[in-house]
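Enquirer: So here's structure.pdb, just PDB, C-alpha atoms:
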```pdb
ATOM      1  CA  MET T 287     235.453-104.592 -22.980  1.00  0.00           C
ATOM      2  CA  PHE T 288     235.522-101.618 -25.314  1.00  0.00           C
ATOM      3  CA  GLU T 289     238.838-100.217 -26.518  1.00  0.00           C
ATOM      4  CA  PRO T 290     238.483 -97.200 -28.836  1.00  0.00           C
ATOM      5  CA  LYS T 291     240.425 -97.160 -32.079  1.00  0.00           C
ATOM      6  CA  SER T 292     240.270 -93.393 -32.685  1.00  0.00           C
ATOM      7  CA  ILE T 293     239.922 -90.084 -30.859  1.00  0.00           C
ATOM      8  CA  LYS T 294     236.375 -89.777 -32.216  1.00  0.00           C
ATOM      9  CA  GLU T 295     235.374 -93.085 -30.564  1.00  0.00           C
ATOM     10  CA  THR T 296     237.143 -92.022 -27.365  1.00  0.00           C
ATOM     11  CA  LEU T 297     235.179 -88.790 -27.077  1.00  0.00           C
ATOM     12  CA  GLU T 298     231.898 -90.730 -27.330  1.00  0.00           C
ATOM     13  CA  HIS T 299     232.687 -92.688 -24.120  1.00  0.00           C
ATOM     14  CA  VAL T 300     233.200 -90.618 -20.979  1.00  0.00           C
ATOM     15  CA  ASP T 301     235.268 -93.392 -19.287  1.00  0.00           C
ATOM     16  CA  TRP T 302     238.072 -92.861 -21.808  1.00  0.00           C
ATOM     17  CA  ILE T 303     238.299 -89.049 -21.697  1.00  0.00           C
ATOM     18  CA  THR T 304     240.052 -88.911 -18.289  1.00  0.00           C
ATOM     19  CA  PRO T 305     242.875 -91.379 -19.198  1.00  0.00           C
ATOM     20  CA  MET T 306     243.470 -89.471 -22.438  1.00  0.00           C
ATOM     21  CA  GLN T 307     243.675 -86.130 -20.594  1.00  0.00           C
ATOM     22  CA  GLU T 308     245.970 -87.644 -17.926  1.00  0.00           C
ATOM     23  CA  GLU T 309     248.417 -88.895 -20.584  1.00  0.00           C
ATOM     24  CA  LEU T 310     248.629 -85.506 -22.280  1.00  0.00           C
ATOM     25  CA  THR T 311     248.897 -83.665 -18.939  1.00  0.00           C
ATOM     26  CA  GLU T 312     251.820 -85.880 -17.876  1.00  0.00           C
ATOM     27  CA  PHE T 313     253.763 -84.825 -20.976  1.00  0.00           C
ATOM     28  CA  ASP T 314     253.336 -81.162 -20.015  1.00  0.00           C
ATOM     29  CA  THR T 315     253.956 -81.705 -16.293  1.00  0.00           C
ATOM     30  CA  ASN T 316     257.183 -83.658 -16.847  1.00  0.00           C
ATOM     31  CA  GLU T 317     258.341 -81.266 -19.581  1.00  0.00           C
ATOM     32  CA  VAL T 318     258.962 -84.174 -21.932  1.00  0.00           C
ATOM     33  CA  TRP T 319     258.817 -82.094 -25.073  1.00  0.00           C
ATOM     34  CA  THR T 320     259.384 -78.628 -26.429  1.00  0.00           C
ATOM     35  CA  LEU T 321     257.024 -77.292 -29.075  1.00  0.00           C
ATOM     36  CA  VAL T 322     258.913 -75.870 -32.053  1.00  0.00           C
ATOM     37  CA  PRO T 323     257.864 -74.914 -35.581  1.00  0.00           C
ATOM     38  CA  PRO T 324     258.231 -77.793 -38.077  1.00  0.00           C
ATOM     39  CA  PRO T 325     261.399 -77.670 -40.189  1.00  0.00           C
ATOM     40  CA  GLN T 326     261.297 -77.612 -43.949  1.00  0.00           C
ATOM     41  CA  ASN T 327     262.506 -80.644 -45.900  1.00  0.00           C
ATOM     42  CA  HIS T 328     262.671 -82.889 -42.833  1.00  0.00           C
ATOM     43  CA  PRO T 329     260.504 -85.982 -42.298  1.00  0.00           C
ATOM     44  CA  ILE T 330     258.048 -85.713 -39.401  1.00  0.00           C
ATOM     45  CA  VAL T 331     256.994 -88.789 -37.407  1.00  0.00           C
ATOM     46  CA  CYS T 332     253.314 -88.625 -36.456  1.00  0.00           C
ATOM     47  CA  THR T 333     251.895 -89.808 -33.150  1.00  0.00           C
ATOM     48  CA  ARG T 334     248.666 -91.392 -32.042  1.00  0.00           C
ATOM     49  CA  LEU T 335     246.983 -92.381 -28.805  1.00  0.00           C
ATOM     50  CA  VAL T 336     246.552 -96.094 -28.088  1.00  0.00           C
ATOM     51  CA  PHE T 337     243.797 -97.152 -25.685  1.00  0.00           C
ATOM     52  CA  ARG T 338     243.810-100.351 -23.609  1.00  0.00           C
ATOM     53  CA  ASN T 339     241.833-101.814 -20.724  1.00  0.00           C
ATOM     54  CA  LYS T 340     243.916-102.847 -17.706  1.00  0.00           C
ATOM     55  CA  LEU T 341     242.491-106.093 -16.315  1.00  0.00           C
ATOM     56  CA  ASP T 342     242.827-107.815 -12.947  1.00  0.00           C
ATOM     57  CA  ASP T 343     243.499-111.550 -12.529  1.00  0.00           C
ATOM     58  CA  SER T 344     239.787-112.320 -12.921  1.00  0.00           C
ATOM     59  CA  GLY T 345     239.518-110.477 -16.228  1.00  0.00           C
ATOM     60  CA  PHE T 346     237.578-107.498 -14.875  1.00  0.00           C
ATOM     61  CA  ILE T 347     238.507-104.009 -16.043  1.00  0.00           C
ATOM     62  CA  ILE T 348     240.251-102.117 -13.251  1.00  0.00           C
ATOM     63  CA  ARG T 349     241.115 -99.004 -15.269  1.00  0.00           C
ATOM     64  CA  ASN T 350     241.401 -97.626 -18.763  1.00  0.00           C
ATOM     65  CA  LYS T 351     244.862 -96.702 -20.053  1.00  0.00           C
ATOM     66  CA  SER T 352     245.924 -94.300 -22.752  1.00  0.00           C
ATOM     67  CA  ARG T 353     249.428 -94.087 -24.221  1.00  0.00           C
ATOM     68  CA  MET T 354     250.881 -91.767 -26.839  1.00  0.00           C
ATOM     69  CA  VAL T 355     253.072 -93.617 -29.322  1.00  0.00           C
ATOM     70  CA  ALA T 356     255.013 -92.737 -32.464  1.00  0.00           C
ATOM     71  CA  LYS T 357     253.726 -94.178 -35.712  1.00  0.00           C
ATOM     72  CA  GLY T 358     256.805 -96.257 -36.390  1.00  0.00           C
ATOM     73  CA  PHE T 359     255.694 -97.292 -39.858  1.00  0.00           C
ATOM     74  CA  THR T 360     256.363 -93.733 -41.064  1.00  0.00           C
ATOM     75  CA  GLN T 361     260.026 -93.927 -40.041  1.00  0.00           C
ATOM     76  CA  ILE T 362     262.836 -94.863 -42.418  1.00  0.00           C
ATOM     77  CA  GLU T 363     265.782 -96.795 -40.968  1.00  0.00           C
ATOM     78  CA  GLY T 364     268.969 -94.763 -41.076  1.00  0.00           C
ATOM     79  CA  LEU T 365     267.066 -91.514 -41.663  1.00  0.00           C
ATOM     80  CA  ASP T 366     264.542 -91.130 -38.834  1.00  0.00           C
ATOM     81  CA  TYR T 367     266.017 -93.519 -36.273  1.00  0.00           C
ATOM     82  CA  ASP T 368     269.139 -95.488 -35.551  1.00  0.00           C
ATOM     83  CA  GLU T 369     267.926 -97.822 -32.807  1.00  0.00           C
ATOM     84  CA  THR T 370     264.803 -98.746 -30.888  1.00  0.00           C
ATOM     85  CA  PHE T 371     264.260 -99.420 -27.203  1.00  0.00           C
ATOM     86  CA  ALA T 372     261.352-100.937 -25.317  1.00  0.00           C
ATOM     87  CA  PRO T 373     261.685-100.971 -21.506  1.00  0.00           C
ATOM     88  CA  VAL T 374     260.331-104.441 -20.740  1.00  0.00           C
ATOM     89  CA  GLU T 375     261.424-106.496 -17.761  1.00  0.00           C
ATOM     90  CA  ARG T 376     262.286-110.146 -18.218  1.00  0.00           C
ATOM     91  CA  LEU T 377     261.360-112.823 -15.708  1.00  0.00           C
ATOM     92  CA  GLU T 378     264.983-114.013 -15.569  1.00  0.00           C
ATOM     93  CA  THR T 379     266.112-110.525 -14.540  1.00  0.00           C
ATOM     94  CA  ILE T 380     263.562-110.385 -11.735  1.00  0.00           C
ATOM     95  CA  ARG T 381     264.624-113.832 -10.483  1.00  0.00           C
ATOM     96  CA  ILE T 382     268.306-112.864 -10.445  1.00  0.00           C
ATOM     97  CA  PHE T 383     267.493-109.617  -8.652  1.00  0.00           C
ATOM     98  CA  LEU T 384     265.401-111.377  -5.983  1.00  0.00           C
ATOM     99  CA  ALA T 385     268.067-114.064  -5.485  1.00  0.00           C
ATOM    100  CA  TYR T 386     270.721-111.371  -5.011  1.00  0.00           C
ATOM    101  CA  VAL T 387     268.515-109.447  -2.566  1.00  0.00           C
ATOM    102  CA  ALA T 388     267.807-112.625  -0.585  1.00  0.00           C
ATOM    103  CA  HIS T 389     271.525-113.444  -0.496  1.00  0.00           C
ATOM    104  CA  LYS T 390     272.388-109.970   0.822  1.00  0.00           C
ATOM    105  CA  GLY T 391     269.411-109.921   3.235  1.00  0.00           C
ATOM    106  CA  CYS T 392     268.022-106.667   1.848  1.00  0.00           C
ATOM    107  CA  MET T 393     264.429-105.403   1.983  1.00  0.00           C
ATOM    108  CA  VAL T 394     262.480-105.121  -1.289  1.00  0.00           C
ATOM    109  CA  TYR T 395     259.535-102.785  -1.792  1.00  0.00           C
ATOM    110  CA  GLN T 396     257.098-103.030  -4.675  1.00  0.00           C
ATOM    111  CA  MET T 397     255.456-100.078  -6.382  1.00  0.00           C
ATOM    112  CA  ASP T 398     253.281 -99.505  -9.421  1.00  0.00           C
ATOM    113  CA  VAL T 399     254.470 -96.773 -11.770  1.00  0.00           C
ATOM    114  CA  LYS T 400     251.601 -95.070 -13.551  1.00  0.00           C
ATOM    115  CA  ARG T 401     253.771 -93.435 -16.200  1.00  0.00           C
ATOM    116  CA  SER T 402     257.465 -93.470 -16.868  1.00  0.00           C
ATOM    117  CA  PHE T 403     259.666 -91.453 -19.170  1.00  0.00           C
ATOM    118  CA  LEU T 404     263.246 -91.990 -20.196  1.00  0.00           C
ATOM    119  CA  ASN T 405     265.316 -89.312 -18.491  1.00  0.00           C
ATOM    120  CA  GLY T 406     268.145 -89.191 -20.986  1.00  0.00           C
ATOM    121  CA  GLU T 407     268.771 -86.249 -23.265  1.00  0.00           C
ATOM    122  CA  LEU T 408     268.532 -86.952 -26.994  1.00  0.00           C
ATOM    123  CA  ASP T 409     271.404 -85.791 -29.189  1.00  0.00           C
ATOM    124  CA  THR T 410     269.150 -85.666 -32.259  1.00  0.00           C
ATOM    125  CA  GLU T 411     265.942 -83.771 -32.857  1.00  0.00           C
ATOM    126  CA  VAL T 412     262.686 -85.702 -33.186  1.00  0.00           C
ATOM    127  CA  TYR T 413     259.817 -84.034 -34.995  1.00  0.00           C
ATOM    128  CA  LEU T 414     256.316 -85.252 -34.212  1.00  0.00           C
ATOM    129  CA  CYS T 415     253.091 -84.175 -35.849  1.00  0.00           C
TER
END
```
Please render this file's structure as structure tokens.

Expert:
Amino acid sequence: MFEPKSIKETLEHVDWITPMQEELTEFDTNEVWTLVPPPQNHPIVCTRLVFRNKLDDSGFIIRNKSRMVAKGFTQIEGLDYDETFAPVERLETIRIFLAYVAHKGCMVYQMDVKRSFLNGELDTEVYLC
């Protein structure tokens, strides 16, 4: 199970090029960002691509995943960000939801989301390098 640590390593393995291109294409397709010139005298938060293998229950690789993330260690609390958010479901939430659905007799459908973006508008500008 090989997980590249840099873009250079990624480009040496053809299996990782497609997930990397898909991640970057999704940002353009969903119009997640607007490219603007960097401001003067304003801190810029850099980004990087993180690469992971998605495994099945047996431990076999079913697909390679790429995700663009902000380098949080370059941020300064109170200057670059006010709060953080990680959309992670909790088992208790799923149990409550399923109990409520069973009580109401509703139908539940399951789906796998390949990529998700927060749909809210930011009231502050974020500069990425």

Enquirer: For range 305-311 of chain T, work out the shell of residues within 10 Å, counting all atoms listed in the file and skipping chain neighbours fewer than 3 positions away, then give it as a VMD selection string.

Expert: chain T and resid 293 296 to 297 300 to 302 314 to 317 335 to 337 349 to 354 400 to 401

Enquirer: How would the residues just picked look written out with C-alpha atoms as a PDB file, keeping the file's coordinate frame?

Expert:
```pdb
ATOM      1  CA  ILE T 293     239.922 -90.084 -30.859  1.00  0.00           C
ATOM      2  CA  THR T 296     237.143 -92.022 -27.365  1.00  0.00           C
ATOM      3  CA  LEU T 297     235.179 -88.790 -27.077  1.00  0.00           C
ATOM      4  CA  VAL T 300     233.200 -90.618 -20.979  1.00  0.00           C
ATOM      5  CA  ASP T 301     235.268 -93.392 -19.287  1.00  0.00           C
ATOM      6  CA  TRP T 302     238.072 -92.861 -21.808  1.00  0.00           C
ATOM      7  CA  ASP T 314     253.336 -81.162 -20.015  1.00  0.00           C
ATOM      8  CA  THR T 315     253.956 -81.705 -16.293  1.00  0.00           C
ATOM      9  CA  ASN T 316     257.183 -83.658 -16.847  1.00  0.00           C
ATOM     10  CA  GLU T 317     258.341 -81.266 -19.581  1.00  0.00           C
ATOM     11  CA  LEU T 335     246.983 -92.381 -28.805  1.00  0.00           C
ATOM     12  CA  VAL T 336     246.552 -96.094 -28.088  1.00  0.00           C
ATOM     13  CA  PHE T 337     243.797 -97.152 -25.685  1.00  0.00           C
ATOM     14  CA  ARG T 349     241.115 -99.004 -15.269  1.00  0.00           C
ATOM     15  CA  ASN T 350     241.401 -97.626 -18.763  1.00  0.00           C
ATOM     16  CA  LYS T 351     244.862 -96.702 -20.053  1.00  0.00           C
ATOM     17  CA  SER T 352     245.924 -94.300 -22.752  1.00  0.00           C
ATOM     18  CA  ARG T 353     249.428 -94.087 -24.221  1.00  0.00           C
ATOM     19  CA  MET T 354     250.881 -91.767 -26.839  1.00  0.00           C
ATOM     20  CA  LYS T 400     251.601 -95.070 -13.551  1.00  0.00           C
ATOM     21  CA  ARG T 401     253.771 -93.435 -16.200  1.00  0.00           C
TER      22      ARG T 401
END
```

Enquirer: CA of Asp342 in chain T and CA of Met287 in chain T are how many Å apart?

Expert: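 Interatomic distance, CA of Asp342 in chain T to CA of Met287 in chain T: 12.9 Å.
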
Enquirer: Restricting the calculation to all atoms listed in the file, which member of T:Val355, T:Ile347, T:Arg381, T:Lys390 is positioned closest to Thr333 in chain T?

Expert: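 Counting all atoms listed in the file, the residue closest to Thr333 in chain T is T:Val355.
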
Enquirer: In Å, with one decimal, what is the gap from CA of Tyr395 in chain T to CA of Thr304 in chain T?

Expert: 29.1 Å

Enquirer: So how far away is CA of Arg334 in chain T from CA of Glu295 in chain T, in Å?

Expert: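 Those two atoms sit 13.5 Å apart.
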
Enquirer: Give me range 294-391 of chain T from this structure - C-alpha atoms, as a PDB file, in the first residue's frame.

Expert:
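Writing done, so here's part_6.pdb:
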```
ATOM      1  CA  LYS T 294       6.801  14.401  -7.210  1.00  0.00           C
ATOM      2  CA  GLU T 295       6.107  10.905  -5.804  1.00  0.00           C
ATOM      3  CA  THR T 296       2.542  11.080  -7.131  1.00  0.00           C
ATOM      4  CA  LEU T 297       3.653  11.789 -10.687  1.00  0.00           C
ATOM      5  CA  GLU T 298       5.913   8.710 -10.624  1.00  0.00           C
ATOM      6  CA  HIS T 299       2.905   6.385 -10.071  1.00  0.00           C
ATOM      7  CA  VAL T 300       0.214   6.464 -12.748  1.00  0.00           C
ATOM      8  CA  ASP T 301      -2.470   5.138 -10.326  1.00  0.00           C
ATOM      9  CA  TRP T 302      -2.329   8.397  -8.361  1.00  0.00           C
ATOM     10  CA  ILE T 303      -2.478  10.881 -11.259  1.00  0.00           C
ATOM     11  CA  THR T 304      -6.212  10.361 -11.962  1.00  0.00           C
ATOM     12  CA  PRO T 305      -7.383  10.955  -8.334  1.00  0.00           C
ATOM     13  CA  MET T 306      -5.241  14.099  -8.182  1.00  0.00           C
ATOM     14  CA  GLN T 307      -6.714  15.426 -11.449  1.00  0.00           C
ATOM     15  CA  GLU T 308     -10.265  14.554 -10.304  1.00  0.00           C
ATOM     16  CA  GLU T 309      -9.827  16.542  -7.068  1.00  0.00           C
ATOM     17  CA  LEU T 310      -8.592  19.633  -8.890  1.00  0.00           C
ATOM     18  CA  THR T 311     -11.284  19.323 -11.588  1.00  0.00           C
ATOM     19  CA  GLU T 312     -14.023  19.173  -8.933  1.00  0.00           C
ATOM     20  CA  PHE T 313     -12.875  22.525  -7.540  1.00  0.00           C
ATOM     21  CA  ASP T 314     -13.257  24.105 -10.987  1.00  0.00           C
ATOM     22  CA  THR T 315     -16.519  22.319 -11.827  1.00  0.00           C
ATOM     23  CA  ASN T 316     -18.209  23.307  -8.555  1.00  0.00           C
ATOM     24  CA  GLU T 317     -16.807  26.849  -8.725  1.00  0.00           C
ATOM     25  CA  VAL T 318     -15.468  26.541  -5.193  1.00  0.00           C
ATOM     26  CA  TRP T 319     -12.924  29.298  -5.564  1.00  0.00           C
ATOM     27  CA  THR T 320     -12.175  32.487  -7.421  1.00  0.00           C
ATOM     28  CA  LEU T 321      -8.603  33.197  -8.468  1.00  0.00           C
ATOM     29  CA  VAL T 322      -7.505  36.688  -7.437  1.00  0.00           C
ATOM     30  CA  PRO T 323      -4.108  38.380  -7.200  1.00  0.00           C
ATOM     31  CA  PRO T 324      -2.493  38.008  -3.750  1.00  0.00           C
ATOM     32  CA  PRO T 325      -2.908  41.029  -1.468  1.00  0.00           C
ATOM     33  CA  GLN T 326       0.039  42.842   0.009  1.00  0.00           C
ATOM     34  CA  ASN T 327       0.692  42.616   3.749  1.00  0.00           C
ATOM     35  CA  HIS T 328      -1.811  39.803   4.288  1.00  0.00           C
ATOM     36  CA  PRO T 329      -0.896  36.285   5.443  1.00  0.00           C
ATOM     37  CA  ILE T 330      -1.531  33.556   2.866  1.00  0.00           C
ATOM     38  CA  VAL T 331      -2.447  30.008   3.924  1.00  0.00           C
ATOM     39  CA  CYS T 332      -0.809  27.425   1.662  1.00  0.00           C
ATOM     40  CA  THR T 333      -2.455  24.208   0.530  1.00  0.00           C
ATOM     41  CA  ARG T 334      -1.264  20.719  -0.227  1.00  0.00           C
ATOM     42  CA  LEU T 335      -2.683  17.499  -1.605  1.00  0.00           C
ATOM     43  CA  VAL T 336      -3.035  14.549   0.775  1.00  0.00           C
ATOM     44  CA  PHE T 337      -3.129  11.045  -0.708  1.00  0.00           C
ATOM     45  CA  ARG T 338      -4.796   8.023   0.915  1.00  0.00           C
ATOM     46  CA  ASN T 339      -5.767   4.499  -0.087  1.00  0.00           C
ATOM     47  CA  LYS T 340      -9.440   3.631   0.438  1.00  0.00           C
ATOM     48  CA  LEU T 341      -9.659   0.046   1.704  1.00  0.00           C
ATOM     49  CA  ASP T 342     -12.492  -2.481   1.794  1.00  0.00           C
ATOM     50  CA  ASP T 343     -13.324  -4.633   4.836  1.00  0.00           C
ATOM     51  CA  SER T 344     -10.656  -7.167   3.846  1.00  0.00           C
ATOM     52  CA  GLY T 345      -7.911  -4.553   3.669  1.00  0.00           C
ATOM     53  CA  PHE T 346      -7.637  -4.509  -0.125  1.00  0.00           C
ATOM     54  CA  ILE T 347      -7.264  -1.180  -1.907  1.00  0.00           C
ATOM     55  CA  ILE T 348     -10.482  -0.299  -3.719  1.00  0.00           C
ATOM     56  CA  ARG T 349      -9.425   3.169  -4.886  1.00  0.00           C
ATOM     57  CA  ASN T 350      -6.902   5.917  -4.362  1.00  0.00           C
ATOM     58  CA  LYS T 351      -8.118   9.220  -2.906  1.00  0.00           C
ATOM     59  CA  SER T 352      -6.681  12.692  -3.143  1.00  0.00           C
ATOM     60  CA  ARG T 353      -7.802  15.660  -1.041  1.00  0.00           C
ATOM     61  CA  MET T 354      -6.680  19.278  -1.063  1.00  0.00           C
ATOM     62  CA  VAL T 355      -6.225  20.648   2.444  1.00  0.00           C
ATOM     63  CA  ALA T 356      -5.047  23.909   3.990  1.00  0.00           C
ATOM     64  CA  LYS T 357      -1.762  23.812   5.858  1.00  0.00           C
ATOM     65  CA  GLY T 358      -3.265  24.693   9.208  1.00  0.00           C
ATOM     66  CA  PHE T 359       0.083  25.065  10.935  1.00  0.00           C
ATOM     67  CA  THR T 360       0.654  28.300   8.991  1.00  0.00           C
ATOM     68  CA  GLN T 361      -2.488  29.888  10.444  1.00  0.00           C
ATOM     69  CA  ILE T 362      -2.492  32.158  13.490  1.00  0.00           C
ATOM     70  CA  GLU T 363      -5.536  32.011  15.775  1.00  0.00           C
ATOM     71  CA  GLY T 364      -7.458  35.267  15.747  1.00  0.00           C
ATOM     72  CA  LEU T 365      -5.716  36.452  12.571  1.00  0.00           C
ATOM     73  CA  ASP T 366      -6.253  33.787   9.901  1.00  0.00           C
ATOM     74  CA  TYR T 367      -9.213  31.922  11.382  1.00  0.00           C
ATOM     75  CA  ASP T 368     -11.815  32.214  14.083  1.00  0.00           C
ATOM     76  CA  GLU T 369     -13.188  28.671  14.176  1.00  0.00           C
ATOM     77  CA  THR T 370     -12.672  25.265  12.619  1.00  0.00           C
ATOM     78  CA  PHE T 371     -15.160  22.712  11.346  1.00  0.00           C
ATOM     79  CA  ALA T 372     -14.769  19.079  10.364  1.00  0.00           C
ATOM     80  CA  PRO T 373     -17.903  17.396   8.957  1.00  0.00           C
ATOM     81  CA  VAL T 374     -17.695  14.020  10.691  1.00  0.00           C
ATOM     82  CA  GLU T 375     -20.723  11.929  11.559  1.00  0.00           C
ATOM     83  CA  ARG T 376     -21.005  10.374  14.991  1.00  0.00           C
ATOM     84  CA  LEU T 377     -22.390   6.902  15.584  1.00  0.00           C
ATOM     85  CA  GLU T 378     -24.850   8.272  18.159  1.00  0.00           C
ATOM     86  CA  THR T 379     -26.288  10.648  15.555  1.00  0.00           C
ATOM     87  CA  ILE T 380     -26.796   7.825  13.071  1.00  0.00           C
ATOM     88  CA  ARG T 381     -28.511   5.684  15.727  1.00  0.00           C
ATOM     89  CA  ILE T 382     -30.885   8.498  16.696  1.00  0.00           C
ATOM     90  CA  PHE T 383     -31.666   9.176  13.044  1.00  0.00           C
ATOM     91  CA  LEU T 384     -32.405   5.500  12.307  1.00  0.00           C
ATOM     92  CA  ALA T 385     -34.557   5.174  15.445  1.00  0.00           C
ATOM     93  CA  TYR T 386     -36.567   8.241  14.409  1.00  0.00           C
ATOM     94  CA  VAL T 387     -36.981   6.926  10.852  1.00  0.00           C
ATOM     95  CA  ALA T 388     -38.112   3.529  12.158  1.00  0.00           C
ATOM     96  CA  HIS T 389     -40.587   5.214  14.512  1.00  0.00           C
ATOM     97  CA  LYS T 390     -42.076   7.279  11.672  1.00  0.00           C
ATOM     98  CA  GLY T 391     -42.011   4.334   9.222  1.00  0.00           C
TER      99      GLY T 391
END
```
